[in-house]
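Participant: The following file, query_23.csv, comprises CSV, C-alpha atoms and all ligand atoms:
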```csv
chain,number,residue,atom,x,y,z
A,1,MET,CA,58.8,43.7,40.7
A,2,ASN,CA,60.4,46.4,42.7
A,3,GLU,CA,61.1,45.7,46.4
A,4,ILE,CA,58.7,48.3,47.8
A,5,ARG,CA,55.8,46.9,45.8
A,6,LYS,CA,56.7,43.3,46.7
A,7,GLU,CA,56.7,44.1,50.4
A,8,LYS,CA,53.3,46.0,50.1
A,9,ILE,CA,51.7,43.0,48.4
A,10,LYS,CA,53.1,40.5,51.0
A,11,ASP,CA,51.9,42.7,53.9
A,12,ALA,CA,48.5,43.3,52.4
A,13,TYR,CA,47.7,39.6,52.3
A,14,HIS,CA,49.3,38.9,55.6
A,15,ASP,CA,46.9,41.3,57.3
A,16,SER,CA,43.8,40.3,55.4
A,17,LYS,CA,44.1,36.6,55.0
A,18,SER,CA,41.6,35.8,57.8
A,19,ILE,CA,38.8,37.8,56.2
A,20,TYR,CA,39.7,37.2,52.5
A,21,ASP,CA,37.7,34.0,51.9
A,22,GLY,CA,34.6,35.4,53.7
A,23,VAL,CA,34.4,38.6,51.7
A,24,LEU,CA,34.9,36.9,48.3
A,25,THR,CA,32.4,34.2,49.0
A,26,GLN,CA,29.9,36.7,50.6
A,27,GLY,CA,30.0,34.6,53.8
A,28,ASN,CA,28.4,37.2,56.1
A,29,LEU,CA,26.0,40.1,55.8
A,30,PHE,CA,28.7,42.7,55.7
A,31,ALA,CA,30.4,41.0,52.8
A,32,LYS,CA,27.0,40.6,51.0
A,33,ALA,CA,26.3,44.4,51.4
A,34,TYR,CA,29.8,45.3,50.3
A,35,ILE,CA,29.6,43.2,47.2
A,36,GLN,CA,26.1,44.5,46.4
A,37,PHE,CA,26.9,48.1,46.9
A,38,PHE,CA,30.4,48.4,45.5
A,39,TRP,CA,30.5,45.6,42.9
A,40,GLY,CA,27.0,45.6,41.6
A,41,GLY,CA,26.3,42.2,43.2
A,42,THR,CA,28.8,40.2,41.0
A,43,ASP,CA,28.9,36.7,42.5
A,44,ASP,CA,32.5,35.5,42.6
A,45,VAL,CA,31.4,31.9,43.4
A,46,ALA,CA,29.2,31.7,40.3
A,47,LEU,CA,31.8,33.3,38.2
A,48,ALA,CA,34.5,30.8,39.4
A,49,HIS,CA,32.1,28.0,38.4
A,50,LYS,CA,31.8,29.5,34.9
A,51,LEU,CA,35.6,29.7,34.5
A,52,LEU,CA,36.2,26.2,35.8
A,53,SER,CA,33.6,24.8,33.5
A,54,HIS,CA,36.0,25.5,30.6
A,55,ILE,CA,38.3,22.8,31.9
A,56,PRO,CA,37.3,19.3,30.9
A,57,LYS,CA,36.0,17.0,33.7
A,58,VAL,CA,38.7,14.5,32.7
A,59,PHE,CA,41.9,16.1,31.9
A,60,SER,CA,45.5,14.9,32.0
A,61,GLY,CA,47.6,18.0,31.1
A,62,THR,CA,49.4,20.6,33.1
A,63,ILE,CA,47.4,23.5,34.7
A,64,LEU,CA,49.0,26.6,36.2
A,65,ASP,CA,46.8,28.4,38.7
A,66,VAL,CA,48.2,31.9,39.1
A,67,PRO,CA,47.6,33.5,41.5
A,68,CYS,CA,46.2,30.6,43.5
A,69,GLY,CA,45.5,32.7,46.6
A,70,THR,CA,44.0,30.5,49.3
A,71,ALA,CA,42.5,28.2,46.6
A,72,VAL,CA,39.0,29.1,48.0
A,73,PHE,CA,37.4,28.7,44.6
A,74,THR,CA,39.6,26.1,43.0
A,75,ALA,CA,40.5,23.5,45.6
A,76,GLU,CA,37.6,21.1,45.0
A,77,LYS,CA,38.1,21.2,41.2
A,78,TRP,CA,41.9,20.7,41.5
A,79,LYS,CA,41.4,17.7,43.8
A,80,GLU,CA,39.1,16.1,41.3
A,81,LEU,CA,41.5,16.5,38.4
A,82,ASN,CA,43.9,13.9,39.8
A,83,ALA,CA,45.2,12.8,36.4
A,84,SER,CA,46.6,16.3,35.8
A,85,LYS,CA,49.6,18.1,37.1
A,86,ILE,CA,48.5,21.3,38.8
A,87,ILE,CA,50.8,24.1,39.8
A,88,CYS,CA,49.4,26.6,42.2
A,89,LEU,CA,51.7,29.7,42.3
A,90,ASP,CA,51.3,32.9,44.4
A,91,TYR,CA,53.6,35.6,45.6
A,92,SER,CA,52.3,35.6,49.2
A,93,ASP,CA,53.5,32.9,51.6
A,94,ASP,CA,50.5,33.6,53.8
A,95,MET,CA,48.1,32.8,51.0
A,96,LEU,CA,50.0,29.8,49.9
A,97,ARG,CA,50.0,28.4,53.5
A,98,GLN,CA,46.2,28.6,53.5
A,99,ALA,CA,46.0,27.0,50.0
A,100,GLY,CA,48.4,24.3,51.3
A,101,ARG,CA,45.9,23.4,54.1
A,102,ARG,CA,43.1,23.0,51.6
A,103,LEU,CA,45.2,20.9,49.2
A,104,GLU,CA,47.1,18.8,51.7
A,105,GLY,CA,48.0,15.3,50.6
A,106,GLU,CA,47.2,15.8,46.9
A,107,ARG,CA,50.3,14.5,45.2
A,108,HIS,CA,49.3,15.9,41.7
A,109,ILE,CA,49.2,19.5,43.1
A,110,GLN,CA,52.4,21.5,43.6
A,111,LEU,CA,52.5,24.8,45.5
A,112,CYS,CA,55.0,27.3,44.4
A,113,GLN,CA,56.0,30.8,45.7
A,114,GLY,CA,56.9,33.1,42.8
A,115,ASP,CA,56.2,36.2,40.7
A,116,VAL,CA,53.8,36.0,37.7
A,117,GLY,CA,56.1,38.5,36.0
A,118,ALA,CA,59.0,35.9,36.0
A,119,LEU,CA,57.4,32.5,35.9
A,120,PRO,CA,59.9,29.7,36.7
A,121,PHE,CA,58.7,27.4,33.9
A,122,GLU,CA,59.8,26.6,30.4
A,123,SER,CA,58.1,28.2,27.4
A,124,GLN,CA,55.2,26.1,26.1
A,125,SER,CA,55.1,23.8,29.0
A,126,VAL,CA,51.5,24.4,30.3
A,127,ASP,CA,48.1,23.4,28.8
A,128,ILE,CA,45.9,25.7,30.8
A,129,VAL,CA,46.6,28.9,32.7
A,130,MET,CA,43.8,29.8,35.2
A,131,SER,CA,44.0,33.3,36.6
A,132,MET,CA,41.1,34.3,38.9
A,133,ASN,CA,41.1,37.7,40.5
A,134,GLY,CA,44.8,38.2,39.8
A,135,PHE,CA,45.6,40.8,37.1
A,136,HIS,CA,44.2,43.8,39.1
A,137,ALA,CA,46.7,42.8,41.9
A,138,PHE,CA,49.7,42.3,39.6
A,139,PRO,CA,52.1,45.3,39.5
A,140,ASP,CA,53.4,44.7,36.0
A,141,LYS,CA,50.3,43.6,34.0
A,142,LEU,CA,52.0,43.5,30.6
A,143,LYS,CA,54.7,41.3,31.9
A,144,ALA,CA,52.1,39.0,33.5
A,145,PHE,CA,50.2,38.8,30.2
A,146,ASP,CA,53.5,38.0,28.4
A,147,GLU,CA,54.6,35.4,30.9
A,148,THR,CA,51.3,33.5,31.1
A,149,CYS,CA,51.2,33.4,27.3
A,150,ARG,CA,54.9,32.3,27.0
A,151,VAL,CA,54.4,29.3,29.3
A,152,LEU,CA,51.3,28.1,27.4
A,153,LYS,CA,51.6,25.5,24.7
A,154,GLU,CA,50.3,26.2,21.2
A,155,GLY,CA,46.6,25.3,21.4
A,156,GLY,CA,46.6,26.0,25.2
A,157,LYS,CA,44.0,28.0,27.0
A,158,PHE,CA,44.2,31.2,29.0
A,159,ILE,CA,41.2,31.6,31.4
A,160,ALA,CA,41.0,34.6,33.6
A,161,SER,CA,38.9,37.1,35.5
A,162,PHE,CA,39.8,40.5,37.0
A,163,TYR,CA,38.7,44.0,37.6
A,164,VAL,CA,38.6,46.5,34.7
A,165,ARG,CA,38.1,50.3,35.2
A,166,GLY,CA,35.4,52.5,33.7
A,167,LYS,CA,32.4,50.1,34.2
A,168,LEU,CA,30.9,51.1,37.5
A,169,ARG,CA,31.7,54.4,39.3
A,170,ARG,CA,31.3,52.9,42.8
A,171,THR,CA,33.7,50.1,42.0
A,172,ASP,CA,36.3,52.5,40.6
A,173,TRP,CA,35.9,54.6,43.7
A,174,VAL,CA,36.4,51.7,46.2
A,175,VAL,CA,39.3,50.4,44.1
A,176,ASN,CA,41.1,53.8,44.1
A,177,HIS,CA,40.3,54.9,47.6
A,178,VAL,CA,40.4,51.6,49.6
A,179,LEU,CA,41.7,48.5,47.8
A,180,ALA,CA,44.7,50.1,46.0
A,181,PRO,CA,45.9,52.0,49.1
A,182,LYS,CA,45.7,48.8,51.1
A,183,GLY,CA,47.8,47.0,48.5
A,184,TRP,CA,45.1,44.4,47.5
A,185,PHE,CA,44.9,46.0,44.1
A,186,THR,CA,47.8,47.6,42.2
A,187,PRO,CA,47.4,50.3,39.6
A,188,PRO,CA,47.5,51.1,36.7
A,189,PHE,CA,44.2,49.5,35.9
A,190,GLN,CA,43.0,48.7,32.4
A,191,THR,CA,39.8,49.2,30.5
A,192,GLU,CA,38.0,46.4,28.7
A,193,GLU,CA,39.2,47.8,25.3
A,194,GLU,CA,42.8,47.9,26.5
A,195,VAL,CA,42.5,44.3,27.7
A,196,ARG,CA,40.9,43.2,24.4
A,197,ARG,CA,43.8,44.7,22.5
A,198,ILE,CA,46.4,43.0,24.7
A,199,LEU,CA,44.7,39.6,24.4
A,200,GLU,CA,44.2,39.9,20.6
A,201,GLU,CA,47.9,40.6,20.2
A,202,ARG,CA,48.8,37.4,22.0
A,203,TYR,CA,46.0,34.8,21.3
A,204,SER,CA,44.4,33.5,18.2
A,205,GLU,CA,41.0,33.1,19.8
A,206,VAL,CA,39.7,35.6,22.3
A,207,GLU,CA,36.3,35.5,24.1
A,208,ILE,CA,35.6,38.3,26.5
A,209,HIS,CA,32.6,38.8,28.8
A,210,THR,CA,32.0,41.3,31.6
A,211,ASP,CA,29.9,41.1,34.7
A,212,ASN,CA,29.7,44.6,36.2
A,213,ALA,CA,33.4,45.7,36.6
A,214,ILE,CA,34.8,42.1,36.3
A,215,LEU,CA,36.1,41.0,33.0
A,216,TRP,CA,36.4,37.3,32.3
A,217,CYS,CA,37.9,35.7,29.3
A,218,VAL,CA,38.7,32.4,27.6
A,219,CYS,CA,41.5,32.6,25.0
A,220,GLY,CA,43.2,30.0,22.8
A,221,LYS,CA,46.9,30.3,21.9
B,301,LIG,C1,42.7,38.7,45.1
B,301,LIG,S1,43.9,37.4,45.3
B,301,LIG,C2,43.2,36.2,44.2
B,301,LIG,C3,43.6,34.8,44.5
B,301,LIG,C4,42.7,33.6,44.0
B,301,LIG,N1,42.9,33.4,42.6
B,301,LIG,C5,41.2,33.9,44.2
B,301,LIG,O1,40.4,34.1,43.3
B,301,LIG,O2,40.8,33.9,45.4
B,301,LIG,C6,45.2,38.1,44.5
B,301,LIG,C7,46.5,37.3,44.7
B,301,LIG,O3,47.5,37.8,43.9
B,301,LIG,C8,48.8,37.5,44.5
B,301,LIG,N2,49.8,38.3,43.8
B,301,LIG,C9,50.0,39.6,43.7
B,301,LIG,N3,51.0,40.0,43.0
B,301,LIG,C10,51.5,38.8,42.5
B,301,LIG,C11,52.6,38.5,41.6
B,301,LIG,N4,53.4,39.4,41.1
B,301,LIG,N5,52.9,37.2,41.4
B,301,LIG,C12,52.1,36.2,41.9
B,301,LIG,N6,51.0,36.4,42.7
B,301,LIG,C13,50.8,37.7,43.0
B,301,LIG,C14,48.5,37.9,45.9
B,301,LIG,O4,49.5,37.4,46.8
B,301,LIG,C15,47.1,37.4,46.1
B,301,LIG,O5,47.2,36.1,46.7
```
So, in terms of structure tokens, how does the structure I just supplied come out?
Ligand SMILES: C[S@@+](CC[C@H](N)C(=O)[O-])C[C@H]1O[C@@H](n2cnc3c(N)ncnc32)[C@H](O)[C@@H]1O
Facilitator:
Amino acid sequence: MNEIRKEKIKDAYHDSKSIYDGVLTQGNLFAKAYIQFFWGGTDDVALAHKLLSHIPKVFSGTILDVPCGTAVFTAEKWKELNASKIICLDYSDDMLRQAGRRLEGERHIQLCQGDVGALPFESQSVDIVMSMNGFHAFPDKLKAFDETCRVLKEGGKFIASFYVRGKLRRTDWVVNHVLAPKGWFTPPFQTEEEVRRILEERYSEVEIHTDNAILWCVCGK
């Protein structure tokens, strides 16, 4: 990642960390109206449950959560999976600090500051990569697709959700005029067709769904 983009991402989450969870979980009327108007009412909490349901209830492998953010959607599930090794990686120290508070004392969970474009893990060392709401924030999306695939074992699963352009005009507008200038989202953004091609080049099984402008997928390597 180049230095200017790195600093923009760090600053963006430093400034927004206190409102982040409330907006994503629609914790107040403003957040509800914002999600309804600009995102067609897509419910991130329900979507997170769907993604997490693809991880077995009893699981003893290695899971990489990237970007973990504040762990607002994942903390409860990660705590339950105490026979697994779970690595929560994010670029922002501010977000990691909040995740750390939620996950304190959980010895099977490791927090790690890093860049998804240069993951500090061996190839084929992870069983599941979980990536919620991340790819629209990553500056180099192809590198992120490559790296998350590289660290997965054969037979491993890539489970992700993120914004794709060209689905809802209002969403594209708020992304281009508000979220990208703030540094919360980072262009260029991909369409569903572009993402499908990228995933099909890397995975043997690709299942893609969309909910308004959010694409979510479950892929097998
Ligand atoms: C919208 S948040 C999503 C976090 C969490 N998965 C969730 O659903 O709440 C996006 C996160 O991506 C992180 N991020 C942006 N660029 C990154 C990169 N290159 N490597 C790792 N994390 C990055 C940001 O720090 C931020 O915490």
Participant: If you take all atoms listed in the file and a cut-off of 10 Å, which residues of stretch 142-213 of chain A touch stretch 64-82 of chain A, and what are their nearest atom pairs and distances in Å to one decimal, in chain and number order, as JSON lines?
Facilitator:
```
{"residue": "A:Ala144", "atom": "CA", "partner": "A:Val66", "partner_atom": "CA", "distance": 9.8}
{"residue": "A:Thr148", "atom": "CA", "partner": "A:Val66", "partner_atom": "CA", "distance": 8.7}
{"residue": "A:Val151", "atom": "CA", "partner": "A:Leu64", "partner_atom": "CA", "distance": 9.2}
{"residue": "A:Leu152", "atom": "CA", "partner": "A:Leu64", "partner_atom": "CA", "distance": 9.2}
{"residue": "A:Phe158", "atom": "CA", "partner": "A:Leu64", "partner_atom": "CA", "distance": 9.8}
{"residue": "A:Ile159", "atom": "CA", "partner": "A:Asp65", "partner_atom": "CA", "distance": 9.7}
{"residue": "A:Ala160", "atom": "CA", "partner": "A:Val66", "partner_atom": "CA", "distance": 9.5}
```
Participant: May I ask you to write as a PyMOL selection string all residues lying at most 9 Å from ligand LIG 301 (chain B), with only C-alpha atoms and all ligand atoms counted?
Facilitator: chain A and resi 1+5-6+9-10+12-14+17+20-21+24+44+48+65-74+89-96+113-119+130-141+144+161-162+184-186
Participant: Ranking A:Gln124, A:Leu179, A:Asn212, A:Lys167 by minimum distance to A:Glu193 and counting only C-alpha atoms, which one comes first?
Facilitator: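 Of the candidates, the smallest distance to A:Glu193 is held by A:Lys167.
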Participant: Determine, counting all atoms listed in the file, which protein, DNA and RNA residues have an atom within 7 Å of an atom of A:Tyr163; residues of the same chain fewer than 3 positions away are not included. Present the result as a list in words.
Facilitator: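 Counting all atoms listed in the file, the residues come to His136, Ala213, Ile214 and Leu215 of chain A.
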Participant: Which polymer residues have any atom within 6 Å of an atom of A:Ser84, counting all atoms listed in the file, with same-chain residues fewer than 5 positions away left out, as a short mmCIF file (atom, residue, chain, number, x, y, z; two decimals) with C-alpha atoms, in the frame of the given file?
Facilitator:
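See result.cif below for the written result:
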```cif
data_model
loop_
_atom_site.label_atom_id
_atom_site.label_comp_id
_atom_site.auth_asym_id
_atom_site.auth_seq_id
_atom_site.Cartn_x
_atom_site.Cartn_y
_atom_site.Cartn_z
CA SER A 60 45.50 14.90 32.00
CA GLY A 61 47.60 18.00 31.10
CA THR A 62 49.40 20.60 33.10
#
```
Participant: Show me the residues close to (41.0, 55.9, 40.3) - anything with an atom within 12 Å, counting only C-alpha atoms - and format the list as a VMD selection string.
Facilitator: chain A and resid 164 to 166 168 to 181 185 to 191
Participant: Limited to C-alpha atoms, could you put the picked residues into a file as an mmCIF file, in the coordinates of the input?
Facilitator:
```cif
data_model
loop_
_atom_site.group_PDB
_atom_site.id
_atom_site.type_symbol
_atom_site.label_atom_id
_atom_site.label_comp_id
_atom_site.auth_asym_id
_atom_site.auth_seq_id
_atom_site.Cartn_x
_atom_site.Cartn_y
_atom_site.Cartn_z
ATOM 1 C CA VAL A 164 38.600 46.500 34.700
ATOM 2 C CA ARG A 165 38.100 50.300 35.200
ATOM 3 C CA GLY A 166 35.400 52.500 33.700
ATOM 4 C CA LEU A 168 30.900 51.100 37.500
ATOM 5 C CA ARG A 169 31.700 54.400 39.300
ATOM 6 C CA ARG A 170 31.300 52.900 42.800
ATOM 7 C CA THR A 171 33.700 50.100 42.000
ATOM 8 C CA ASP A 172 36.300 52.500 40.600
ATOM 9 C CA TRP A 173 35.900 54.600 43.700
ATOM 10 C CA VAL A 174 36.400 51.700 46.200
ATOM 11 C CA VAL A 175 39.300 50.400 44.100
ATOM 12 C CA ASN A 176 41.100 53.800 44.100
ATOM 13 C CA HIS A 177 40.300 54.900 47.600
ATOM 14 C CA VAL A 178 40.400 51.600 49.600
ATOM 15 C CA LEU A 179 41.700 48.500 47.800
ATOM 16 C CA ALA A 180 44.700 50.100 46.000
ATOM 17 C CA PRO A 181 45.900 52.000 49.100
ATOM 18 C CA PHE A 185 44.900 46.000 44.100
ATOM 19 C CA THR A 186 47.800 47.600 42.200
ATOM 20 C CA PRO A 187 47.400 50.300 39.600
ATOM 21 C CA PRO A 188 47.500 51.100 36.700
ATOM 22 C CA PHE A 189 44.200 49.500 35.900
ATOM 23 C CA GLN A 190 43.000 48.700 32.400
ATOM 24 C CA THR A 191 39.800 49.200 30.500
#
```
Participant: May I ask for the distance between atom CA of A:Lys85 and atom CA of A:Ile109, given in Å to one decimal place?
Facilitator: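 That distance, rounded to one decimal, is 6.2 Å.
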Participant: Using only C-alpha atoms, which of A:Leu103, A:Cys112, A:Val195, A:Val126 sits nearest A:Leu142?
Facilitator: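 Counting only C-alpha atoms, the residue closest to A:Leu142 is A:Val195.
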Participant: Rounded to one decimal place, report the atom CA of A:Gly155-atom CA of A:Asp43 distance in Å.
Facilitator: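 Computing the Euclidean distance for atom CA of A:Gly155 and atom CA of A:Asp43 yields 29.8 Å.
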Participant: Name the residues in contact with A:Lys221 at a cut-off of 10 Å, using only C-alpha atoms, excluding same-chain residues fewer than 4 positions from it; report them as a PyMOL selection string.
Facilitator: chain A and resi 127+149-150+152-158+199+202-206
Participant: If you measure from atom CA of A:Glu207 to atom CA of A:Ile87, what distance in Å do you get, rounded to one decimal?
Facilitator: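 It comes out at 24.2 Å.
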